[in-house]
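> This is the content of target-v6.txt (compact mmCIF, C-alpha atoms):
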```txt
# COMPACT_ATOMS: atom_id res chain seq x y z
CA MET A 295 9.74 43.19 -18.49
CA THR A 296 9.24 43.53 -22.24
CA ILE A 297 12.06 43.43 -24.78
CA ASP A 298 11.82 47.20 -25.21
CA GLU A 299 12.02 47.81 -21.48
CA LEU A 300 15.04 45.48 -21.20
CA ARG A 301 16.76 47.19 -24.12
CA ARG A 302 16.24 50.60 -22.52
CA ARG A 303 17.74 49.19 -19.33
CA ILE A 304 20.77 47.97 -21.32
CA ASP A 305 21.14 51.40 -22.91
CA THR A 306 21.16 53.03 -19.48
CA ILE A 307 23.74 50.55 -18.17
CA ASP A 308 25.93 51.11 -21.24
CA ARG A 309 25.93 54.86 -20.59
CA GLN A 310 26.96 54.19 -17.00
CA LEU A 311 29.67 51.78 -18.20
CA VAL A 312 31.05 54.35 -20.63
CA ALA A 313 31.13 57.00 -17.90
CA LEU A 314 32.89 54.60 -15.54
CA LEU A 315 35.35 53.52 -18.26
CA GLY A 316 36.12 57.17 -18.87
CA GLU A 317 36.73 57.74 -15.19
CA ARG A 318 38.93 54.64 -15.05
CA ALA A 319 40.91 55.89 -18.07
CA SER A 320 41.44 59.27 -16.39
CA CYS A 321 42.94 57.46 -13.40
CA ALA A 322 45.19 55.48 -15.74
CA LEU A 323 46.36 58.71 -17.39
CA ALA A 324 47.14 60.25 -14.02
CA ILE A 325 49.08 57.14 -13.06
CA GLY A 326 50.91 57.35 -16.39
CA ARG A 327 52.12 60.86 -15.56
CA LEU A 328 53.26 59.74 -12.11
CA LYS A 329 54.99 56.68 -13.62
CA GLU A 330 56.85 58.91 -16.01
CA ALA A 331 57.92 61.30 -13.24
CA ALA A 332 59.17 58.31 -11.25
CA HIS A 333 60.82 56.79 -14.37
CA LEU A 334 58.72 53.63 -14.17
CA PRO A 335 57.78 51.64 -17.29
CA ILE A 336 54.23 51.85 -18.70
CA TYR A 337 53.85 48.08 -18.65
CA GLN A 338 53.50 46.84 -15.07
CA PRO A 339 52.67 43.13 -15.32
CA ALA A 340 52.30 42.58 -11.58
CA ARG A 341 49.71 45.34 -11.34
CA GLU A 342 47.81 44.03 -14.37
CA ALA A 343 47.68 40.58 -12.77
CA GLU A 344 46.39 42.15 -9.57
CA VAL A 345 43.62 43.95 -11.46
CA LEU A 346 42.52 40.72 -13.12
CA GLU A 347 42.53 38.92 -9.80
CA ASN A 348 40.40 41.67 -8.20
CA VAL A 349 37.75 41.58 -10.88
CA GLN A 350 37.51 37.79 -10.72
CA LYS A 351 37.00 37.99 -6.97
CA ALA A 352 34.28 40.55 -7.45
CA ASN A 353 32.54 38.44 -10.07
CA VAL A 354 29.21 36.98 -9.02
CA GLY A 355 28.06 35.71 -12.44
CA PRO A 356 26.41 34.95 -14.71
CA LEU A 357 29.59 35.69 -16.72
CA ASP A 358 32.25 33.18 -15.79
CA ASP A 359 35.69 34.27 -14.56
CA ALA A 360 37.37 33.61 -17.91
CA ALA A 361 34.88 35.91 -19.65
CA ILE A 362 35.53 38.63 -17.07
CA VAL A 363 39.29 38.23 -17.63
CA ARG A 364 38.85 38.55 -21.41
CA LEU A 365 36.78 41.71 -21.02
CA PHE A 366 39.22 43.31 -18.61
CA GLU A 367 42.20 42.36 -20.77
CA ARG A 368 40.63 44.61 -23.42
CA ILE A 369 40.16 47.41 -20.88
CA ILE A 370 43.78 47.08 -19.75
CA ASP A 371 45.01 47.01 -23.38
CA GLU A 372 43.23 50.30 -24.02
CA ALA A 373 44.54 51.89 -20.81
CA ARG A 374 48.10 50.93 -21.78
CA ARG A 375 47.58 52.41 -25.24
CA LEU A 376 46.19 55.63 -23.76
CA GLU A 377 49.22 55.95 -21.46
CA ARG A 378 51.56 55.43 -24.41
CA LEU A 379 49.79 58.06 -26.55
CA ALA A 380 49.80 60.56 -23.68
CA ALA A 381 53.51 59.91 -23.00
CA GLU A 382 54.28 60.41 -26.71
CA SER A 383 52.44 63.72 -26.93
CA ARG A 384 54.29 64.92 -23.82
CA THR A 385 57.69 64.14 -25.37
CA GLU A 386 56.67 65.89 -28.62
CA ARG A 387 55.91 69.07 -26.74
CA MET B 106 51.75 40.68 -35.94
CA VAL B 107 50.33 37.99 -33.75
CA VAL B 108 52.39 36.13 -31.15
CA VAL B 109 51.00 32.72 -30.29
CA MET B 110 52.26 31.44 -26.95
CA GLN B 111 52.88 27.78 -26.23
CA GLU B 112 50.25 25.89 -24.24
CA ARG B 113 52.57 25.57 -21.28
CA ALA B 114 53.88 29.13 -21.40
CA THR B 115 54.09 30.66 -17.95
CA GLU B 116 52.59 34.00 -16.98
CA ALA B 117 56.14 35.38 -16.67
CA GLU B 118 56.89 34.34 -20.27
CA VAL B 119 53.70 36.00 -21.51
CA GLN B 120 54.62 39.14 -19.60
CA ALA B 121 58.13 39.17 -21.04
CA VAL B 122 56.69 39.12 -24.58
CA ILE B 123 54.24 41.92 -23.79
CA ALA B 124 57.04 43.97 -22.23
CA GLN B 125 59.15 43.55 -25.36
CA LEU B 126 56.26 44.50 -27.68
CA VAL B 127 55.54 47.60 -25.60
CA GLU B 128 59.20 48.52 -25.77
CA MET B 129 59.08 48.12 -29.58
CA GLY B 130 56.24 50.64 -29.62
CA PHE B 131 53.34 48.32 -30.40
CA ASP B 132 49.90 48.44 -28.84
CA VAL B 133 49.26 45.06 -27.32
CA HIS B 134 46.03 43.07 -27.33
CA ARG B 135 46.27 40.17 -24.99
CA SER B 136 43.80 37.30 -25.33
CA THR B 137 44.00 34.61 -22.72
CA GLY B 138 42.38 31.51 -24.13
CA ALA B 139 41.42 28.25 -22.50
CA SER B 140 44.64 26.54 -23.51
CA ARG B 141 46.95 29.24 -24.80
CA THR B 142 47.47 32.98 -24.83
CA VAL B 143 47.55 34.95 -28.05
CA ILE B 144 49.10 38.41 -28.11
CA GLY B 145 48.21 40.79 -30.91
CA ALA B 146 50.59 43.63 -31.72
CA VAL B 147 49.16 46.56 -33.69
CA GLY B 148 50.43 49.96 -34.66
CA ASN B 149 53.74 51.25 -35.90
CA GLY B 150 56.21 49.42 -33.77
CA ASN B 151 59.76 48.78 -34.83
CA GLY B 152 61.64 45.61 -34.25
CA ASP B 153 62.56 42.26 -35.64
CA PRO B 154 59.75 39.68 -35.28
CA GLN B 155 62.43 37.00 -35.17
CA LEU B 156 63.57 38.33 -31.80
CA LEU B 157 60.17 37.33 -30.47
CA GLU B 158 60.26 33.91 -32.08
CA VAL B 159 63.23 32.92 -29.92
CA GLN B 160 61.68 34.15 -26.66
CA PRO B 161 60.85 31.39 -24.17
CA GLY B 162 57.25 30.26 -24.30
CA VAL B 163 56.60 31.53 -27.82
CA GLN B 164 55.03 29.03 -30.21
CA GLU B 165 55.05 31.16 -33.35
CA VAL B 166 54.97 34.70 -34.61
CA LEU B 167 52.63 35.44 -37.49
CA ARG B 168 53.09 38.48 -39.66
CA ILE B 169 49.87 39.98 -40.88
CA SER B 170 51.22 42.24 -43.61
CA GLU B 171 53.80 41.40 -46.27
CA PRO B 172 57.36 42.62 -45.73
CA TYR B 173 57.36 44.10 -49.25
CA LYS B 174 55.33 47.25 -49.77
CA LEU B 175 55.78 48.82 -53.21
CA ALA B 176 55.57 45.41 -54.93
CA SER B 177 52.38 44.55 -53.08
CA ARG B 178 48.92 44.65 -54.59
CA THR B 179 47.71 46.21 -51.35
CA PHE B 180 49.89 49.19 -52.18
CA LYS B 181 48.81 49.36 -55.85
CA PRO B 182 45.59 47.49 -56.69
CA ASP B 183 45.81 48.01 -60.47
CA ASN B 184 48.12 45.96 -62.69
CA THR B 185 51.37 47.58 -63.68
CA VAL B 186 51.80 47.76 -67.44
CA VAL B 187 55.42 48.08 -68.50
CA VAL B 188 55.57 50.11 -71.69
CA VAL B 189 58.52 49.64 -74.05
CA GLY B 190 57.89 51.77 -77.13
CA ASP B 191 54.73 50.33 -78.69
CA VAL B 192 54.92 47.10 -76.68
CA ARG B 193 52.90 46.84 -73.48
CA ILE B 194 53.65 44.06 -71.00
CA GLY B 195 50.96 43.44 -68.41
CA GLY B 196 48.00 44.47 -70.57
CA ASP B 197 45.54 42.28 -72.44
CA GLU B 198 48.08 41.13 -74.98
CA VAL B 199 50.46 38.31 -74.05
CA VAL B 200 53.88 39.45 -75.24
CA VAL B 201 56.44 36.95 -76.48
CA MET B 202 60.16 37.55 -76.16
CA ALA B 203 62.28 35.14 -78.17
CA GLY B 204 65.82 34.72 -79.36
CA PRO B 205 69.06 32.89 -78.84
CA CYS B 206 70.60 32.17 -75.47
CA SER B 207 73.62 34.18 -76.55
CA ALA B 208 74.71 36.23 -79.49
CA GLU B 209 77.31 34.16 -81.33
CA SER B 210 77.74 35.76 -84.76
CA GLU B 211 76.11 38.30 -87.09
CA ASP B 212 74.55 35.55 -89.18
CA GLN B 213 73.23 33.58 -86.22
CA VAL B 214 71.67 36.68 -84.61
CA GLU B 215 70.13 37.86 -87.87
CA ALA B 216 68.69 34.47 -88.87
CA THR B 217 67.28 33.90 -85.39
CA ALA B 218 65.81 37.40 -85.07
CA ALA B 219 64.10 37.00 -88.45
CA ALA B 220 62.61 33.68 -87.34
CA CYS B 221 61.38 35.17 -84.06
CA LYS B 222 59.74 38.05 -85.88
CA ARG B 223 58.11 35.66 -88.31
CA GLY B 224 56.63 33.73 -85.41
CA GLY B 225 55.18 36.84 -83.83
CA ALA B 226 57.69 37.77 -81.12
CA LYS B 227 57.71 41.45 -80.12
CA ILE B 228 60.96 41.42 -78.23
CA LEU B 229 64.31 39.86 -79.09
CA ARG B 230 66.16 38.14 -76.28
CA GLY B 231 69.85 37.37 -76.34
CA GLY B 232 72.84 37.44 -74.08
CA ALA B 233 76.15 39.18 -74.56
CA PHE B 234 77.39 38.71 -71.01
CA LYS B 235 76.67 35.15 -69.94
CA PRO B 236 76.65 33.85 -66.37
CA ARG B 237 77.62 30.25 -66.96
CA SER B 238 77.75 27.56 -64.32
CA SER B 239 81.30 26.74 -65.39
CA PRO B 240 84.00 29.41 -65.82
CA TYR B 241 85.32 27.45 -68.80
CA SER B 242 82.05 27.65 -70.76
CA PHE B 243 81.44 30.30 -73.45
CA GLN B 244 81.10 33.63 -71.61
CA GLY B 245 79.49 35.74 -74.35
CA LEU B 246 80.70 38.28 -76.89
CA GLY B 247 80.33 41.38 -74.72
CA GLU B 248 79.68 44.71 -76.43
CA ALA B 249 80.21 43.22 -79.89
CA GLY B 250 77.32 40.88 -79.15
CA LEU B 251 75.15 43.77 -77.95
CA LYS B 252 75.74 45.60 -81.23
CA MET B 253 74.70 42.54 -83.25
CA LEU B 254 71.55 42.10 -81.17
CA ARG B 255 70.57 45.78 -81.37
CA ALA B 256 71.09 45.90 -85.13
CA ALA B 257 69.04 42.73 -85.68
CA ALA B 258 66.29 43.97 -83.36
CA ASP B 259 66.10 47.25 -85.27
CA ARG B 260 66.02 45.53 -88.64
CA HIS B 261 63.01 43.47 -87.56
CA ASP B 262 61.21 46.09 -85.44
CA LEU B 263 61.81 44.19 -82.22
CA LYS B 264 62.66 45.46 -78.76
CA LEU B 265 65.72 43.99 -77.05
CA VAL B 266 66.09 42.34 -73.64
CA THR B 267 69.51 41.27 -72.44
CA GLU B 268 71.08 40.22 -69.20
CA ILE B 269 73.10 42.48 -66.96
CA MET B 270 75.41 40.61 -64.60
CA GLU B 271 77.08 43.43 -62.73
CA VAL B 272 76.78 47.15 -62.19
CA SER B 273 79.87 47.92 -64.26
CA GLN B 274 78.00 46.69 -67.38
CA LEU B 275 75.07 49.05 -66.88
CA GLU B 276 76.40 51.94 -68.94
CA VAL B 277 77.19 49.86 -72.02
CA ILE B 278 74.08 47.67 -71.83
CA GLU B 279 71.76 50.65 -71.38
CA LYS B 280 73.08 52.02 -74.68
CA TYR B 281 71.80 48.99 -76.60
CA ALA B 282 69.01 47.27 -74.66
CA ASP B 283 65.39 48.20 -74.02
CA ILE B 284 64.95 45.87 -71.04
CA LEU B 285 67.57 44.86 -68.48
CA GLN B 286 67.37 41.25 -67.38
CA VAL B 287 68.58 40.17 -63.95
CA GLY B 288 69.38 36.47 -64.02
CA ALA B 289 68.32 33.88 -61.49
CA ARG B 290 71.81 33.75 -60.02
CA ASN B 291 71.75 37.50 -59.40
CA MET B 292 68.25 37.72 -57.94
CA GLN B 293 69.67 38.42 -54.51
CA ASN B 294 72.56 40.61 -55.65
CA TYR B 295 71.17 43.53 -53.71
CA SER B 296 73.79 46.06 -54.76
CA LEU B 297 72.98 45.35 -58.43
CA LEU B 298 69.25 45.60 -57.71
CA ARG B 299 69.73 48.86 -55.87
CA ASP B 300 71.59 50.33 -58.84
CA LEU B 301 68.91 49.14 -61.26
CA GLY B 302 66.47 51.10 -59.12
CA HIS B 303 68.06 54.20 -60.63
CA ALA B 304 68.34 52.81 -64.16
CA GLY B 305 66.23 54.37 -66.90
CA LYS B 306 65.17 51.02 -68.38
CA PRO B 307 62.62 48.39 -67.28
CA VAL B 308 63.96 45.41 -65.36
CA LEU B 309 63.09 41.75 -65.98
CA LEU B 310 63.80 40.05 -62.66
CA LYS B 311 64.20 36.29 -62.85
CA ARG B 312 63.31 34.17 -59.87
CA GLY B 313 66.28 32.67 -58.07
CA ILE B 314 66.84 28.94 -58.44
CA SER B 315 65.76 28.32 -54.86
CA ALA B 316 64.00 31.57 -54.03
CA THR B 317 60.63 31.64 -52.36
CA ILE B 318 58.01 33.92 -53.85
CA GLU B 319 58.41 36.26 -50.90
CA GLU B 320 62.19 36.52 -51.42
CA TRP B 321 61.57 37.18 -55.11
CA LEU B 322 59.11 39.99 -54.36
CA LEU B 323 61.53 41.45 -51.82
CA SER B 324 64.17 41.58 -54.56
CA ALA B 325 61.69 43.45 -56.78
CA GLU B 326 61.14 45.77 -53.84
CA TYR B 327 64.82 46.79 -54.00
CA VAL B 328 64.42 47.97 -57.60
CA LEU B 329 61.07 49.66 -56.92
CA ALA B 330 62.41 51.38 -53.80
CA GLY B 331 65.08 53.05 -55.94
CA GLY B 332 62.38 54.67 -58.06
CA ASN B 333 62.30 52.32 -61.05
CA THR B 334 58.66 51.22 -61.17
CA ASN B 335 59.03 49.17 -64.36
CA VAL B 336 59.74 45.72 -62.99
CA MET B 337 58.64 42.40 -64.49
CA LEU B 338 58.88 39.14 -62.57
CA CYS B 339 60.09 36.11 -64.52
CA GLU B 340 59.42 32.55 -63.36
CA ARG B 341 62.14 30.31 -64.80
CA GLY B 342 61.89 27.13 -62.79
CA ILE B 343 63.07 26.29 -59.33
CA ARG B 344 65.31 23.56 -58.01
CA THR B 345 63.40 20.56 -56.71
CA PHE B 346 64.27 16.92 -56.06
CA GLU B 347 63.25 16.08 -59.63
CA SER B 348 66.27 15.79 -61.90
CA TYR B 349 64.63 14.74 -65.16
CA THR B 350 63.99 18.35 -66.14
CA ARG B 351 66.68 20.98 -65.59
CA ASN B 352 64.38 22.87 -63.21
CA THR B 353 60.76 22.51 -62.17
CA LEU B 354 58.72 25.28 -63.75
CA ASP B 355 56.45 26.65 -61.03
CA ILE B 356 53.26 27.36 -62.98
CA SER B 357 51.40 28.00 -59.73
CA ALA B 358 53.70 30.97 -59.11
CA ILE B 359 51.80 32.84 -61.87
CA PRO B 360 48.44 33.17 -60.07
CA VAL B 361 50.15 33.45 -56.69
CA VAL B 362 52.30 36.38 -57.74
CA GLN B 363 49.44 38.01 -59.62
CA LYS B 364 47.41 37.94 -56.43
CA LEU B 365 50.21 39.26 -54.20
CA SER B 366 51.64 41.80 -56.62
CA HIS B 367 50.64 44.20 -59.39
CA LEU B 368 53.81 43.53 -61.41
CA PRO B 369 53.63 41.66 -64.76
CA VAL B 370 54.57 37.98 -64.67
CA VAL B 371 56.80 36.57 -67.40
CA VAL B 372 57.45 32.84 -67.81
CA ASP B 373 60.60 31.25 -69.20
CA PRO B 374 59.69 27.70 -70.27
CA SER B 375 63.15 27.18 -71.80
CA HIS B 376 65.21 27.39 -68.61
CA GLY B 377 62.19 26.10 -66.75
CA THR B 378 62.55 22.70 -68.38
CA GLY B 379 65.94 22.68 -70.08
CA ARG B 380 64.59 20.41 -72.82
CA ARG B 381 63.34 21.49 -76.19
CA ASP B 382 60.44 19.01 -76.33
CA LYS B 383 59.07 20.27 -73.00
CA VAL B 384 59.17 23.96 -73.93
CA ALA B 385 55.96 24.13 -75.98
CA PRO B 386 53.72 22.31 -73.44
CA MET B 387 54.99 24.52 -70.62
CA ALA B 388 54.59 27.66 -72.74
CA ARG B 389 50.98 26.68 -73.46
CA ALA B 390 50.38 26.02 -69.77
CA ALA B 391 51.90 29.36 -68.80
CA VAL B 392 49.63 31.29 -71.17
CA ALA B 393 46.61 29.33 -69.97
CA ALA B 394 47.58 30.08 -66.36
CA GLY B 395 47.63 33.81 -67.08
CA ALA B 396 51.26 34.72 -67.77
CA ASP B 397 51.63 38.28 -69.11
CA ALA B 398 54.60 37.39 -71.28
CA LEU B 399 56.85 34.50 -72.30
CA ILE B 400 60.57 34.48 -72.89
CA ILE B 401 61.61 31.60 -75.12
CA GLU B 402 64.95 30.48 -76.47
CA VAL B 403 64.95 30.08 -80.25
CA HIS B 404 68.03 29.35 -82.31
CA CYS B 405 68.42 29.20 -86.08
CA ASP B 406 70.63 26.13 -85.66
CA PRO B 407 70.22 24.76 -82.12
CA ASP B 408 72.45 21.75 -82.73
CA HIS B 409 75.41 24.08 -83.13
CA ALA B 410 74.49 26.62 -80.45
CA ARG B 411 77.35 27.59 -78.15
CA SER B 412 75.04 27.53 -75.10
CA ASP B 413 71.66 26.05 -74.18
CA GLY B 414 71.22 24.31 -77.56
CA ALA B 415 69.19 21.49 -76.03
CA GLN B 416 66.49 23.85 -74.82
CA SER B 417 66.37 26.14 -77.88
CA LEU B 418 63.47 25.73 -80.29
CA PHE B 419 63.94 25.37 -84.02
CA PRO B 420 62.30 28.30 -85.87
CA ALA B 421 59.57 26.00 -87.23
CA GLN B 422 58.78 24.76 -83.72
CA PHE B 423 58.52 28.33 -82.51
CA GLU B 424 56.09 29.27 -85.27
CA ARG B 425 53.95 26.22 -84.50
CA LEU B 426 53.94 27.08 -80.80
CA MET B 427 52.89 30.66 -81.53
CA ALA B 428 49.99 29.39 -83.64
CA GLU B 429 48.86 27.26 -80.69
CA LEU B 430 49.19 30.12 -78.24
CA ARG B 431 46.99 32.26 -80.48
CA ILE B 432 44.23 29.72 -79.90
CA ILE B 433 44.78 29.45 -76.14
CA ALA B 434 45.05 33.14 -75.24
CA PRO B 435 41.48 34.14 -76.29
CA ALA B 436 40.09 31.39 -74.04
CA ILE B 437 41.10 33.50 -71.05
CA GLY B 438 40.23 36.83 -72.63
CA ARG B 439 43.67 37.73 -73.91
CA SER B 440 45.30 38.16 -77.27
CA ILE B 441 48.73 37.27 -78.51
CA CYS B 442 50.54 39.07 -81.33
CA VAL B 443 47.42 39.87 -83.31
CA GLU B 444 48.83 40.47 -86.77
CA PRO B 445 52.19 38.79 -87.17
CA VAL B 446 51.97 38.68 -90.95
CA ALA B 447 50.96 42.29 -91.50
CA ARG B 448 53.96 43.44 -89.50
CA ARG B 449 56.45 41.37 -91.39
CA GLY B 450 59.19 43.37 -93.02
CA TRP B 451 58.67 46.51 -90.99
CA SER B 452 61.69 48.49 -90.06
CA ARG B 453 62.15 51.53 -87.92
```
Please re-express this file's structure in structure tokens.

Amino acid sequence: MTIDELRRRIDTIDRQLVALLGERASCALAIGRLKEAAHLPIYQPAREAEVLENVQKANVGPLDDAAIVRLFERIIDEARRLERLAAESRTER
Amino acid sequence: MVVVMQERATEAEVQAVIAQLVEMGFDVHRSTGASRTVIGAVGNGNGDPQLLEVQPGVQEVLRISEPYKLASRTFKPDNTVVVVGDVRIGGDEVVVMAGPCSAESEDQVEATAAACKRGGAKILRGGAFKPRSSPYSFQGLGEAGLKMLRAAADRHDLKLVTEIMEVSQLEVIEKYADILQVGARNMQNYSLLRDLGHAGKPVLLKRGISATIEEWLLSAEYVLAGGNTNVMLCERGIRTFESYTRNTLDISAIPVVQKLSHLPVVVDPSHGTGRRDKVAPMARAAVAAGADALIIEVHCDPDHARSDGAQSLFPAQFERLMAELRIIAPAIGRSICVEPVARRGWSR
């Protein structure tokens, strides 16, 4: 494949990633609402550890496990932030 | 802020820190490194960073922003110029404040003020309420001293800076002085600083004898937070292991403070050294390093001064120093009392 073809492939994958990240975030928001109803804290360390373990198991390279963990730590950070913002806007209302 | 975990921190310890940051209202960015985990906290959380420092597994907590806001250059990028009548402190001109340690008599104040004016000072300094290390030393003349200083300042077209030691003196001192000086020993007298935040006169805030630059700027923050934006920071020497000089004048504080803050920096080479023969070299260094103003002790008869005689310049020494400073200042693009002779004999 040429550089242009590879770059177009990357662009397509990025769009899929963004769509998937959005879907993942929607799930996190839904969980946030359920957590609030059940009076559970936003930060659930055991669950975050489980998520990181899952993604490492699923990893087949060429990224190493540590790189996968770093990437998913960012995704988890953003999910936590989204839950906090949503919880705040609910209490304001 | 950034929380750096120890190399051997356990996952449970990392999680405890994250839980606390989340509870404080921060957004957390966790970065698990090869040897240690770093946790970034961003957003408008509330809480004492020191609480995190004592958590198990925490190596250190780094603050990213300064704890002072109004005094910070981030808050106000342009230099603050404190305007006292026709005198501007913090502009291109280096302003010199000079005068006796304390007002002792009509004659002493008058002779000294005349000498300071002759040298090119714009502001007369002089104490009426003196914070002395010993309670048995001369404590100042009080309001009588203020009257002498004001009258001499007016006769020679000088502004007046004098020290305020406690809030109860504010009313009487404000009647006579143009600038209120907070001494080194009072730098962390927060109730005084808070009250000066509502005062109608500029404040000259001396650095405490063992104050860090951050503590000094936090003290300025107290005055600024009260609404008084006219604050000048005065370096006057800090206590070090060296005992040859009375204090060690921290020349490096000038560029450091000018980078961190927008407030004018004043240097006191008299208290900074405590010895007359060291005053001129330190004054020259201060101007070369970028000080916005100097405050120098001059006495018409230092050998008979009732306080700080050893560090007071003779009038002739002061005039010689001013002549030297007039050569140094232009080298860094500044001026210093442009026309001392033309202004001689002015009165208001």
> Find the residues near region 338-344 of chain A: any atom within 12 Å, counting all atoms listed in the file, skip ones fewer than 3 places away on the same chain, and give them as an MDAnalysis selection string.
(chainID A and resid 322 325:326 329 334:335 347:351 363 366:371 373:374 377) or (chainID B and resid 116:125 127 135)
> Skipping near chain neighbours, those fewer than 4 positions away, what residues fall within 7 Å of Ser207 (chain B) using all atoms listed in the file, listed as a ChimeraX atom specification?
/B:231-233,245,412
> Determine, counting all atoms listed in the file, which protein, DNA and RNA residues have an atom within 9 Å of an atom of Pro236 (chain B); residues of the same chain fewer than 6 positions away are not included. Present the result as a list in words.
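Everything that qualifies: Gln244, Gly245, Glu268, Met270, Gly288 and Arg290 of chain B.
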> Give the answer as one residue: which of B:Arg411, B:His134, B:His261, B:Arg344 has the shortest atom-to-atom distance to Gly224 (chain B), using all atoms listed in the file?
B:His261
> Residues within 10 Å of (60.2, 32.1, -28.7), file coordinates, counting only C-alpha atoms: what are they? Give the list as a PyMOL selection string.
chain B and resi 108-111+118+122+155-166
> Closest to chain A among B:Ile437, B:Leu418, B:Val192, B:Val143, using all atoms listed in the file?
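Looking only at the distances to chain A, the closest residue turns out to be B:Val143.
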> Restricting the calculation to all atoms listed in the file: of B:Cys405, B:Val384, B:Val370, B:Val133, which residue gets closest to chain A?
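For chain A, the nearest of the candidates is B:Val133.
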> Compare B:Val336, B:His303, B:Gly130, B:Met387 by their minimum atom-to-atom distance to chain A, counting all atoms listed in the file, and give me the closest one.
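When distances to chain A are compared using all atoms listed in the file, the smallest one comes from B:Gly130.
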> For the point (67.3, 31.8, -88.7) in the file's frame, write as a VMD selection string all residues with an atom no more than 10 Å away, counting only C-alpha atoms.
chain B and resid 204 212 to 221 223 403 to 406 419 to 421
> Write out, as a compact mmCIF listing (two decimals), in the frame of the given file, the residues just selected, with C-alpha atoms.

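Listing of again-v1.txt after writing:
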```txt
# COMPACT_ATOMS: atom_id res chain seq x y z
CA GLY B 204 65.82 34.72 -79.36
CA ASP B 212 74.55 35.55 -89.18
CA GLN B 213 73.23 33.58 -86.22
CA VAL B 214 71.67 36.68 -84.61
CA GLU B 215 70.13 37.86 -87.87
CA ALA B 216 68.69 34.47 -88.87
CA THR B 217 67.28 33.90 -85.39
CA ALA B 218 65.81 37.40 -85.07
CA ALA B 219 64.10 37.00 -88.45
CA ALA B 220 62.61 33.68 -87.34
CA CYS B 221 61.38 35.17 -84.06
CA ARG B 223 58.11 35.66 -88.31
CA VAL B 403 64.95 30.08 -80.25
CA HIS B 404 68.03 29.35 -82.31
CA CYS B 405 68.42 29.20 -86.08
CA ASP B 406 70.63 26.13 -85.66
CA PHE B 419 63.94 25.37 -84.02
CA PRO B 420 62.30 28.30 -85.87
CA ALA B 421 59.57 26.00 -87.23
```
> Between B:Leu246, B:Leu354, B:Ile314, B:Leu309, which one has atoms that come closest to Asn335 (chain B), using only C-alpha atoms?
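Counting only C-alpha atoms, the residue closest to Asn335 (chain B) is B:Leu309.
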